[in-house]
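K.L.:
See structure_35.pdb below, with PDB, C-alpha atoms.
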ATOM      1  CA  MET A  21      71.151 127.119  88.876  1.00  0.00           C
ATOM      2  CA  GLY A  22      70.150 123.971  86.980  1.00  0.00           C
ATOM      3  CA  VAL A  23      70.356 125.776  83.620  1.00  0.00           C
ATOM      4  CA  SER A  24      73.893 127.039  84.347  1.00  0.00           C
ATOM      5  CA  GLU A  25      75.043 123.587  85.400  1.00  0.00           C
ATOM      6  CA  LEU A  26      73.512 122.096  82.263  1.00  0.00           C
ATOM      7  CA  ALA A  27      75.290 124.659  80.083  1.00  0.00           C
ATOM      8  CA  GLU A  28      78.620 123.999  81.793  1.00  0.00           C
ATOM      9  CA  SER A  29      78.247 120.246  81.413  1.00  0.00           C
ATOM     10  CA  SER A  30      77.391 120.686  77.721  1.00  0.00           C
ATOM     11  CA  VAL A  31      80.519 122.798  77.155  1.00  0.00           C
ATOM     12  CA  LEU A  32      82.717 120.272  78.961  1.00  0.00           C
ATOM     13  CA  LEU A  33      81.165 117.439  76.994  1.00  0.00           C
ATOM     14  CA  ASP A  34      81.877 119.226  73.711  1.00  0.00           C
ATOM     15  CA  GLU A  35      85.494 119.861  74.720  1.00  0.00           C
ATOM     16  CA  LYS A  36      86.012 116.218  75.638  1.00  0.00           C
ATOM     17  CA  LEU A  37      84.388 115.087  72.411  1.00  0.00           C
ATOM     18  CA  LEU A  38      86.670 117.330  70.344  1.00  0.00           C
ATOM     19  CA  ARG A  39      89.712 116.080  72.236  1.00  0.00           C
ATOM     20  CA  PHE A  40      88.561 112.489  71.673  1.00  0.00           C
ATOM     21  CA  MET A  41      88.212 113.089  67.926  1.00  0.00           C
ATOM     22  CA  ASP A  42      91.672 114.695  67.728  1.00  0.00           C
ATOM     23  CA  GLN A  43      93.227 111.760  69.563  1.00  0.00           C
ATOM     24  CA  LEU A  44      91.498 109.284  67.254  1.00  0.00           C
ATOM     25  CA  GLU A  45      92.719 111.140  64.175  1.00  0.00           C
ATOM     26  CA  LEU A  46      96.281 111.228  65.481  1.00  0.00           C
ATOM     27  CA  LEU A  47      96.089 107.562  66.400  1.00  0.00           C
ATOM     28  CA  GLU A  48      94.981 106.614  62.884  1.00  0.00           C
ATOM     29  CA  GLU A  49      97.837 108.632  61.374  1.00  0.00           C
ATOM     30  CA  LYS A  50     100.426 106.961  63.569  1.00  0.00           C
ATOM     31  CA  ARG A  51      99.006 103.517  62.830  1.00  0.00           C
ATOM     32  CA  ALA A  52      99.208 104.206  59.098  1.00  0.00           C
ATOM     33  CA  THR A  53     102.828 105.329  59.505  1.00  0.00           C
ATOM     34  CA  LEU A  54     103.553 102.206  61.535  1.00  0.00           C
ATOM     35  CA  ASN A  55     102.135  99.938  58.836  1.00  0.00           C
ATOM     36  CA  SER A  56     104.116 101.692  56.110  1.00  0.00           C
ATOM     37  CA  LEU A  57     107.346 101.407  58.109  1.00  0.00           C
ATOM     38  CA  ILE A  58     106.755  97.695  58.676  1.00  0.00           C
ATOM     39  CA  GLU A  59     106.142  97.207  54.961  1.00  0.00           C
ATOM     40  CA  GLN A  60     109.319  99.112  54.103  1.00  0.00           C
ATOM     41  CA  GLY A  61     111.312  97.057  56.587  1.00  0.00           C
ATOM     42  CA  TRP A  62     110.118  93.731  55.212  1.00  0.00           C
ATOM     43  CA  PHE A  63     110.604  94.905  51.633  1.00  0.00           C
ATOM     44  CA  SER A  64     114.195  95.943  52.405  1.00  0.00           C
ATOM     45  CA  MET A  65     114.712  92.609  54.153  1.00  0.00           C
ATOM     46  CA  SER A  66     113.496  90.747  51.073  1.00  0.00           C
ATOM     47  CA  LYS A  67     115.865  92.759  48.869  1.00  0.00           C
ATOM     48  CA  ALA A  68     118.751  91.875  51.188  1.00  0.00           C
ATOM     49  CA  ARG A  69     117.834  88.186  51.055  1.00  0.00           C
ATOM     50  CA  TYR A  70     117.631  88.355  47.261  1.00  0.00           C
ATOM     51  CA  SER A  71     121.101  89.917  46.967  1.00  0.00           C
ATOM     52  CA  MET A  72     122.839  87.866  49.690  1.00  0.00           C
ATOM     53  CA  GLY A  73     120.849  84.640  49.457  1.00  0.00           C
ATOM     54  CA  ASN A  74     118.090  83.097  51.575  1.00  0.00           C
ATOM     55  CA  LYS A  75     120.527  81.187  53.766  1.00  0.00           C
ATOM     56  CA  CYS A  76     122.665  84.260  54.466  1.00  0.00           C
ATOM     57  CA  VAL A  77     119.763  86.222  55.985  1.00  0.00           C
ATOM     58  CA  SER A  78     117.867  83.790  58.194  1.00  0.00           C
ATOM     59  CA  LEU A  79     117.614  82.459  61.729  1.00  0.00           C
ATOM     60  CA  LEU A  80     120.872  80.551  61.262  1.00  0.00           C
ATOM     61  CA  GLN A  81     122.877  83.791  61.528  1.00  0.00           C
ATOM     62  CA  TYR A  82     121.448  84.766  64.910  1.00  0.00           C
ATOM     63  CA  ALA A  83     123.933  85.058  67.756  1.00  0.00           C
ATOM     64  CA  SER A  84     124.048  82.351  70.396  1.00  0.00           C
ATOM     65  CA  GLU A  85     123.491  84.961  73.122  1.00  0.00           C
ATOM     66  CA  ILE A  86     121.096  87.786  72.306  1.00  0.00           C
ATOM     67  CA  GLU A  87     120.656  90.784  74.585  1.00  0.00           C
ATOM     68  CA  PRO A  88     117.946  93.432  74.050  1.00  0.00           C
ATOM     69  CA  LEU A  89     119.182  96.819  72.856  1.00  0.00           C
ATOM     70  CA  VAL A  90     115.872  98.609  73.579  1.00  0.00           C
ATOM     71  CA  CYS A  91     113.926  98.700  76.847  1.00  0.00           C
ATOM     72  CA  VAL A  92     110.330  99.900  77.197  1.00  0.00           C
ATOM     73  CA  HIS A  93     109.374 101.771  80.380  1.00  0.00           C
ATOM     74  CA  ALA A  94     105.780 102.403  81.469  1.00  0.00           C
ATOM     75  CA  LYS A  95     105.028 105.349  83.765  1.00  0.00           C
ATOM     76  CA  THR A  96     101.603 106.119  85.248  1.00  0.00           C
ATOM     77  CA  LEU A  97     100.787 109.820  85.200  1.00  0.00           C
ATOM     78  CA  GLY A  98      98.703 111.718  87.717  1.00  0.00           C
ATOM     79  CA  SER A  99      95.691 111.815  85.382  1.00  0.00           C
ATOM     80  CA  GLY A 100      95.618 108.022  85.245  1.00  0.00           C
ATOM     81  CA  GLU A 101      97.160 107.799  81.779  1.00  0.00           C
ATOM     82  CA  VAL A 102     100.128 105.516  81.099  1.00  0.00           C
ATOM     83  CA  ASP A 103     103.176 106.893  79.314  1.00  0.00           C
ATOM     84  CA  PHE A 104     105.308 104.385  77.387  1.00  0.00           C
ATOM     85  CA  CYS A 105     108.853 105.395  76.463  1.00  0.00           C
ATOM     86  CA  THR A 106     111.765 103.540  74.865  1.00  0.00           C
ATOM     87  CA  GLU A 107     115.353 103.615  76.063  1.00  0.00           C
ATOM     88  CA  ARG A 108     118.251 102.327  73.985  1.00  0.00           C
ATOM     89  CA  VAL A 109     120.873 100.312  75.820  1.00  0.00           C
ATOM     90  CA  LYS A 110     124.447 101.229  74.991  1.00  0.00           C
ATOM     91  CA  GLN A 111     126.363  98.541  73.161  1.00  0.00           C
ATOM     92  CA  LYS A 112     128.894  96.705  75.260  1.00  0.00           C
ATOM     93  CA  CYS A 113     132.500  97.416  74.476  1.00  0.00           C
ATOM     94  CA  CYS A 114     135.570  95.326  75.063  1.00  0.00           C
ATOM     95  CA  ASN A 115     137.023  98.000  77.362  1.00  0.00           C
ATOM     96  CA  GLU A 116     136.271  95.948  80.443  1.00  0.00           C
ATOM     97  CA  VAL A 117     137.916  92.892  78.941  1.00  0.00           C
ATOM     98  CA  GLY A 118     140.854  94.964  77.823  1.00  0.00           C
ATOM     99  CA  LYS A 119     141.272  96.414  81.276  1.00  0.00           C
ATOM    100  CA  ASP A 120     141.292  92.971  82.812  1.00  0.00           C
ATOM    101  CA  ASN A 121     143.902  91.822  80.346  1.00  0.00           C
ATOM    102  CA  GLY A 122     145.938  94.934  80.969  1.00  0.00           C
ATOM    103  CA  SER A 123     145.961  94.315  84.710  1.00  0.00           C
ATOM    104  CA  ILE A 124     147.178  90.765  84.120  1.00  0.00           C
ATOM    105  CA  GLU A 125     149.856  91.904  81.694  1.00  0.00           C
ATOM    106  CA  ASP A 126     151.120  94.536  84.111  1.00  0.00           C
ATOM    107  CA  ILE A 127     152.014  91.833  86.613  1.00  0.00           C
ATOM    108  CA  GLY A 128     154.535  90.237  84.267  1.00  0.00           C
ATOM    109  CA  PRO A 129     156.933  93.174  83.765  1.00  0.00           C
ATOM    110  CA  GLN A 130     156.924  93.942  87.470  1.00  0.00           C
ATOM    111  CA  GLU A 131     157.998  90.387  88.288  1.00  0.00           C
ATOM    112  CA  GLU A 132     160.705  90.489  85.639  1.00  0.00           C
ATOM    113  CA  GLY A 133     161.985  93.782  87.061  1.00  0.00           C
ATOM    114  CA  VAL A 134     162.307  92.190  90.499  1.00  0.00           C
ATOM    115  CA  ARG A 135     164.105  89.147  89.212  1.00  0.00           C
ATOM    116  CA  ARG A 136     166.554  90.950  86.954  1.00  0.00           C
ATOM    117  CA  ARG A 137     168.217  93.325  89.374  1.00  0.00           C
ATOM    118  CA  ILE A 138     171.651  92.589  87.889  1.00  0.00           C
ATOM    119  CA  LYS A 139     170.872  94.537  84.696  1.00  0.00           C
ATOM    120  CA  PRO A 140     172.339  98.062  84.409  1.00  0.00           C
ATOM    121  CA  LYS A 141     170.287 101.091  85.126  1.00  0.00           C
ATOM    122  CA  LYS A 142     170.176 102.238  81.496  1.00  0.00           C
ATOM    123  CA  ASP A 143     168.403  99.087  80.348  1.00  0.00           C
ATOM    124  CA  MET A 144     165.965  99.356  83.228  1.00  0.00           C
ATOM    125  CA  THR A 145     165.095 102.989  82.449  1.00  0.00           C
ATOM    126  CA  GLU A 146     164.650 102.214  78.734  1.00  0.00           C
ATOM    127  CA  LYS A 147     162.421  99.274  79.616  1.00  0.00           C
ATOM    128  CA  GLU A 148     160.311 101.378  81.980  1.00  0.00           C
ATOM    129  CA  THR A 149     159.862 104.118  79.382  1.00  0.00           C
ATOM    130  CA  SER A 150     158.835 101.563  76.745  1.00  0.00           C
ATOM    131  CA  GLU A 151     156.354 100.019  79.181  1.00  0.00           C
ATOM    132  CA  GLU A 152     154.895 103.440  79.983  1.00  0.00           C
ATOM    133  CA  THR A 153     154.448 104.320  76.312  1.00  0.00           C
ATOM    134  CA  SER A 154     152.830 100.963  75.589  1.00  0.00           C
ATOM    135  CA  SER A 155     150.471 101.352  78.556  1.00  0.00           C
ATOM    136  CA  GLU A 156     149.508 104.844  77.311  1.00  0.00           C
ATOM    137  CA  LYS A 157     148.793 103.613  73.790  1.00  0.00           C
ATOM    138  CA  ALA A 158     146.840 100.527  74.858  1.00  0.00           C
ATOM    139  CA  PRO A 159     143.669 102.313  76.070  1.00  0.00           C
ATOM    140  CA  GLU A 160     143.350 104.143  72.728  1.00  0.00           C
ATOM    141  CA  VAL A 161     143.194 100.832  70.893  1.00  0.00           C
ATOM    142  CA  ARG A 162     140.785  99.327  73.412  1.00  0.00           C
ATOM    143  CA  LYS A 163     138.330 102.209  73.050  1.00  0.00           C
ATOM    144  CA  ILE A 164     137.950 101.482  69.339  1.00  0.00           C
ATOM    145  CA  ASP A 165     137.293  97.773  69.845  1.00  0.00           C
ATOM    146  CA  GLN A 166     133.622  96.952  70.287  1.00  0.00           C
ATOM    147  CA  ASN A 167     131.742  93.753  70.608  1.00  0.00           C
ATOM    148  CA  PRO A 168     130.395  93.051  67.096  1.00  0.00           C
ATOM    149  CA  GLN A 169     127.839  90.581  68.449  1.00  0.00           C
ATOM    150  CA  GLN A 170     125.814  93.416  69.996  1.00  0.00           C
ATOM    151  CA  ASP A 171     125.013  94.984  66.603  1.00  0.00           C
ATOM    152  CA  PRO A 172     122.509  92.702  64.829  1.00  0.00           C
ATOM    153  CA  LEU A 173     123.878  93.748  61.423  1.00  0.00           C
ATOM    154  CA  LYS A 174     127.197  92.080  62.266  1.00  0.00           C
ATOM    155  CA  TRP A 175     125.432  88.723  62.522  1.00  0.00           C
ATOM    156  CA  PHE A 176     125.039  88.682  58.740  1.00  0.00           C
ATOM    157  CA  GLY A 177     128.583  89.717  57.862  1.00  0.00           C
ATOM    158  CA  ILE A 178     130.912  92.696  57.934  1.00  0.00           C
ATOM    159  CA  LEU A 179     129.968  94.260  54.580  1.00  0.00           C
ATOM    160  CA  VAL A 180     126.170  94.023  54.566  1.00  0.00           C
ATOM    161  CA  PRO A 181     124.089  95.561  51.753  1.00  0.00           C
ATOM    162  CA  GLN A 182     122.448  98.947  52.129  1.00  0.00           C
ATOM    163  CA  SER A 183     118.986  97.376  51.981  1.00  0.00           C
ATOM    164  CA  LEU A 184     119.675  95.504  55.230  1.00  0.00           C
ATOM    165  CA  LYS A 185     120.666  98.758  56.920  1.00  0.00           C
ATOM    166  CA  HIS A 186     117.443 100.365  55.683  1.00  0.00           C
ATOM    167  CA  ALA A 187     115.483  97.461  57.150  1.00  0.00           C
ATOM    168  CA  GLN A 188     117.172  97.949  60.519  1.00  0.00           C
ATOM    169  CA  SER A 189     116.431 101.683  60.569  1.00  0.00           C
ATOM    170  CA  SER A 190     112.777 101.049  59.645  1.00  0.00           C
ATOM    171  CA  PHE A 191     112.310  98.554  62.456  1.00  0.00           C
ATOM    172  CA  LYS A 192     114.021 100.931  64.906  1.00  0.00           C
ATOM    173  CA  GLN A 193     111.449 103.598  64.043  1.00  0.00           C
ATOM    174  CA  VAL A 194     108.704 100.999  64.438  1.00  0.00           C
ATOM    175  CA  ILE A 195     109.781 100.316  68.031  1.00  0.00           C
ATOM    176  CA  GLU A 196     109.687 103.996  68.984  1.00  0.00           C
ATOM    177  CA  LEU A 197     106.400 104.555  67.168  1.00  0.00           C
ATOM    178  CA  SER A 198     104.836 101.546  68.874  1.00  0.00           C
ATOM    179  CA  ALA A 199     105.495 103.119  72.272  1.00  0.00           C
ATOM    180  CA  GLU A 200     103.874 106.377  71.117  1.00  0.00           C
ATOM    181  CA  ILE A 201     100.848 104.479  69.788  1.00  0.00           C
ATOM    182  CA  ALA A 202     100.472 102.584  73.069  1.00  0.00           C
ATOM    183  CA  THR A 203     100.571 105.864  75.012  1.00  0.00           C
ATOM    184  CA  LEU A 204      98.036 107.474  72.700  1.00  0.00           C
ATOM    185  CA  GLN A 205      95.764 104.450  72.834  1.00  0.00           C
ATOM    186  CA  THR A 206      95.573 104.576  76.627  1.00  0.00           C
ATOM    187  CA  ALA A 207      94.754 108.280  76.390  1.00  0.00           C
ATOM    188  CA  VAL A 208      91.940 107.508  73.936  1.00  0.00           C
ATOM    189  CA  LEU A 209      90.482 104.891  76.279  1.00  0.00           C
ATOM    190  CA  ASN A 210      90.611 107.284  79.242  1.00  0.00           C
ATOM    191  CA  THR A 211      88.948 110.049  77.236  1.00  0.00           C
ATOM    192  CA  ARG A 212      86.254 107.612  76.177  1.00  0.00           C
ATOM    193  CA  GLN A 213      85.507 106.779  79.806  1.00  0.00           C
ATOM    194  CA  GLU A 214      85.345 110.480  80.656  1.00  0.00           C
ATOM    195  CA  LEU A 215      82.855 110.989  77.816  1.00  0.00           C
ATOM    196  CA  LYS A 216      80.619 108.230  79.184  1.00  0.00           C
ATOM    197  CA  HIS A 217      80.610 109.770  82.666  1.00  0.00           C
ATOM    198  CA  SER A 218      79.922 113.238  81.262  1.00  0.00           C
ATOM    199  CA  MET A 219      77.032 111.895  79.192  1.00  0.00           C
ATOM    200  CA  LYS A 220      75.509 110.273  82.285  1.00  0.00           C
ATOM    201  CA  ASP A 221      75.867 113.513  84.261  1.00  0.00           C
ATOM    202  CA  LYS A 222      74.237 115.474  81.455  1.00  0.00           C
ATOM    203  CA  HIS A 223      71.297 113.064  81.277  1.00  0.00           C
ATOM    204  CA  ILE A 224      70.789 113.406  85.038  1.00  0.00           C
ATOM    205  CA  LEU A 225      70.804 117.211  84.735  1.00  0.00           C
ATOM    206  CA  LEU A 226      68.344 117.043  81.819  1.00  0.00           C
ATOM    207  CA  GLU A 227      65.973 114.883  83.853  1.00  0.00           C
ATOM    208  CA  GLU A 228      66.198 117.266  86.802  1.00  0.00           C
ATOM    209  CA  ALA A 229      65.598 120.271  84.559  1.00  0.00           C
ATOM    210  CA  SER A 230      62.572 118.629  82.908  1.00  0.00           C
ATOM    211  CA  ALA A 231      61.194 117.689  86.339  1.00  0.00           C
ATOM    212  CA  THR A 232      61.471 121.264  87.586  1.00  0.00           C
ATOM    213  CA  GLN A 233      59.730 122.552  84.465  1.00  0.00           C
ATOM    214  CA  LEU A 234      56.855 120.108  84.966  1.00  0.00           C
ATOM    215  CA  ASP A 235      56.495 121.239  88.561  1.00  0.00           C
ATOM    216  CA  ARG A 236      56.311 124.869  87.463  1.00  0.00           C
ATOM    217  CA  VAL A 237      53.698 124.064  84.842  1.00  0.00           C
ATOM    218  CA  ALA A 238      51.661 122.100  87.404  1.00  0.00           C
ATOM    219  CA  ASP A 239      51.809 125.005  89.830  1.00  0.00           C
TER     220      ASP A 239
END
Is it possible to express this structure as structure tokens?

P.N.:
Amino acid sequence: MGVSELAESSVLLDEKLLRFMDQLELLEEKRATLNSLIEQGWFSMSKARYSMGNKCVSLLQYASEIEPLVCVHAKTLGSGEVDFCTERVKQKCCNEVGKDNGSIEDIGPQEEGVRRRIKPKKDMTEKETSEETSSEKAPEVRKIDQNPQQDPLKWFGILVPQSLKHAQSSFKQVIELSAEIATLQTAVLNTRQELKHSMKDKHILLEEASATQLDRVAD
């Protein structure tokens, strides 16, 4: 019975050790990718500053009100591991502002229609049709309008160089990769704790097995 338990514990310990080594290898690969992406981002940023000027790409161009476009969520799994995931927040559009303005503008024509009852019916029908067409076209224009302050590239101008766009894409990948690295790092720590407990259990079984063998020899 003790020999079978010792064999099972040895197999489990080997499996955990192999899983720990695989996680470490994957973690090192992702960290190397993270470092290369950060280097690419800063190199592209330096190229953008060289082409546009130091003062054109600096803290002075930051918006007065900055809202995060990426949120990080942490979820605890049943095994005790923590899963980190990123969620991109949709950029705010001016649709809400346009709707508010449209509701205010709609009040005006209605009041004018009540006041000008003396006008003939033809003018009133033409005016109503023109108002209906304008109200139908207005939402199409409002959907295109977006708040440029939500895109960080718009802080530095409308026509930004391609190097600045490359820097933004590199740092976006860095954010997502950082969440993956954090998840993998917690998994590595949990596997390390499991290895320690398995090693202790194996040592206890080895001591018990050696004690039983000594008793048999003594008998």

K.L.:
Neighbouring residues of segment 74-76 of chain A were defined as those with any atom within 12 Å, considering all atoms listed in the file; residues of the same chain fewer than 2 positions away were excluded. Please report them as a PyMOL selection string.

P.N.:
chain A and resi 65-72+78-82+173-177+180-181+184

K.L.:
Please write the residues from the selection above to a file, keeping C-alpha atoms, as a short mmCIF file (atom, residue, chain, number, x, y, z; two decimals), in the coordinates of the input.

P.N.:
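Saved as again.cif:
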data_model
loop_
_atom_site.label_atom_id
_atom_site.label_comp_id
_atom_site.auth_asym_id
_atom_site.auth_seq_id
_atom_site.Cartn_x
_atom_site.Cartn_y
_atom_site.Cartn_z
CA MET A 65 114.71 92.61 54.15
CA SER A 66 113.50 90.75 51.07
CA LYS A 67 115.86 92.76 48.87
CA ALA A 68 118.75 91.88 51.19
CA ARG A 69 117.83 88.19 51.06
CA TYR A 70 117.63 88.36 47.26
CA SER A 71 121.10 89.92 46.97
CA MET A 72 122.84 87.87 49.69
CA SER A 78 117.87 83.79 58.19
CA LEU A 79 117.61 82.46 61.73
CA LEU A 80 120.87 80.55 61.26
CA GLN A 81 122.88 83.79 61.53
CA TYR A 82 121.45 84.77 64.91
CA LEU A 173 123.88 93.75 61.42
CA LYS A 174 127.20 92.08 62.27
CA TRP A 175 125.43 88.72 62.52
CA PHE A 176 125.04 88.68 58.74
CA GLY A 177 128.58 89.72 57.86
CA VAL A 180 126.17 94.02 54.57
CA PRO A 181 124.09 95.56 51.75
CA LEU A 184 119.68 95.50 55.23
#

K.L.:
For each of A:Val77, A:Leu46, A:Leu179, A:Leu215, take the minimum atom-to-atom distance to Asp34 of chain A, counting only C-alpha atoms, then give the residue where this is smallest.

P.N.:
A:Leu215

K.L.:
Could you work out how far atom CA of Thr211 of chain A lies from atom CA of Val102 of chain A, giving the answer in Å with one decimal?

P.N.:
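Going from atom CA of Val102 of chain A over to atom CA of Thr211 of chain A covers 12.7 Å.
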
K.L.:
In file coordinates, which residues lie within 12 Å of (95.9, 107.0, 64.9) using all atoms listed in the file, given as a PDB file with C-alpha atoms, keeping the file's coordinate frame?

P.N.:
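After the write, point-v1.pdb holds the following:
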ATOM      1  CA  PHE A  40      88.561 112.489  71.673  1.00  0.00           C
ATOM      2  CA  MET A  41      88.212 113.089  67.926  1.00  0.00           C
ATOM      3  CA  ASP A  42      91.672 114.695  67.728  1.00  0.00           C
ATOM      4  CA  GLN A  43      93.227 111.760  69.563  1.00  0.00           C
ATOM      5  CA  LEU A  44      91.498 109.284  67.254  1.00  0.00           C
ATOM      6  CA  GLU A  45      92.719 111.140  64.175  1.00  0.00           C
ATOM      7  CA  LEU A  46      96.281 111.228  65.481  1.00  0.00           C
ATOM      8  CA  LEU A  47      96.089 107.562  66.400  1.00  0.00           C
ATOM      9  CA  GLU A  48      94.981 106.614  62.884  1.00  0.00           C
ATOM     10  CA  GLU A  49      97.837 108.632  61.374  1.00  0.00           C
ATOM     11  CA  LYS A  50     100.426 106.961  63.569  1.00  0.00           C
ATOM     12  CA  ARG A  51      99.006 103.517  62.830  1.00  0.00           C
ATOM     13  CA  ALA A  52      99.208 104.206  59.098  1.00  0.00           C
ATOM     14  CA  THR A  53     102.828 105.329  59.505  1.00  0.00           C
ATOM     15  CA  LEU A  54     103.553 102.206  61.535  1.00  0.00           C
ATOM     16  CA  ASN A  55     102.135  99.938  58.836  1.00  0.00           C
ATOM     17  CA  LEU A 197     106.400 104.555  67.168  1.00  0.00           C
ATOM     18  CA  SER A 198     104.836 101.546  68.874  1.00  0.00           C
ATOM     19  CA  GLU A 200     103.874 106.377  71.117  1.00  0.00           C
ATOM     20  CA  ILE A 201     100.848 104.479  69.788  1.00  0.00           C
ATOM     21  CA  ALA A 202     100.472 102.584  73.069  1.00  0.00           C
ATOM     22  CA  THR A 203     100.571 105.864  75.012  1.00  0.00           C
ATOM     23  CA  LEU A 204      98.036 107.474  72.700  1.00  0.00           C
ATOM     24  CA  GLN A 205      95.764 104.450  72.834  1.00  0.00           C
ATOM     25  CA  THR A 206      95.573 104.576  76.627  1.00  0.00           C
ATOM     26  CA  ALA A 207      94.754 108.280  76.390  1.00  0.00           C
ATOM     27  CA  VAL A 208      91.940 107.508  73.936  1.00  0.00           C
TER      28      VAL A 208
END

K.L.:
To test the calculation: enclose all listed atoms of segment 64-80 of chain A in a box whose edges run along x, y and z, add 5 Å on each side, then state centre and edge lengths in Å to one decimal, as AutoDock Vina command-line options.

P.N.:
--center_x 118.2 --center_y 88.2 --center_z 54.3 --size_x 19.3 --size_y 25.4 --size_z 24.8

K.L.:
Expressed in Å to a single decimal, how great is the separation between atom CA of Leu97 of chain A and atom CA of Leu209 of chain A?

P.N.:
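That distance, rounded to one decimal, is 14.5 Å.
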
K.L.:
Applied to the shown file, which residues does the PyMOL selection byres ((chain A and resi 217-223) around 10) return, written as a list in words?

P.N.:
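Selected by the PyMOL selection byres ((chain A and resi 217-223) around 10) here: Glu25, Leu26, Ala27, Glu28, Ser29, Ser30, Leu32, Leu33, Asp34, Lys36, Thr211, Arg212, Gln213, Glu214, Leu215, Lys216, Ile224, Leu225, Leu226, Glu227, Glu228 and Ala229 of chain A.
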
K.L.:
Which residue gives the smallest distance to Ser84 of chain A among A:Pro172, A:Asn210, A:Phe191, A:Arg108, with only C-alpha atoms counted?

P.N.:
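Closest residue, counting only C-alpha atoms: A:Pro172.
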
K.L.:
What gap, in Å, lies between atom CA of Ser183 of chain A and atom CA of Cys105 of chain A?

P.N.:
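Answer for the atom CA of Ser183 of chain A to atom CA of Cys105 of chain A separation: 27.7 Å.
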
K.L.:
Between A:Ser230, A:Gln193, A:Gln182, A:Gln170, which residue has the minimum interatomic distance to Lys110 of chain A, considering only C-alpha atoms?

P.N.:
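Between A:Ser230, A:Gln193, A:Gln182, A:Gln170, the residue approaching Lys110 of chain A most closely is A:Gln170.
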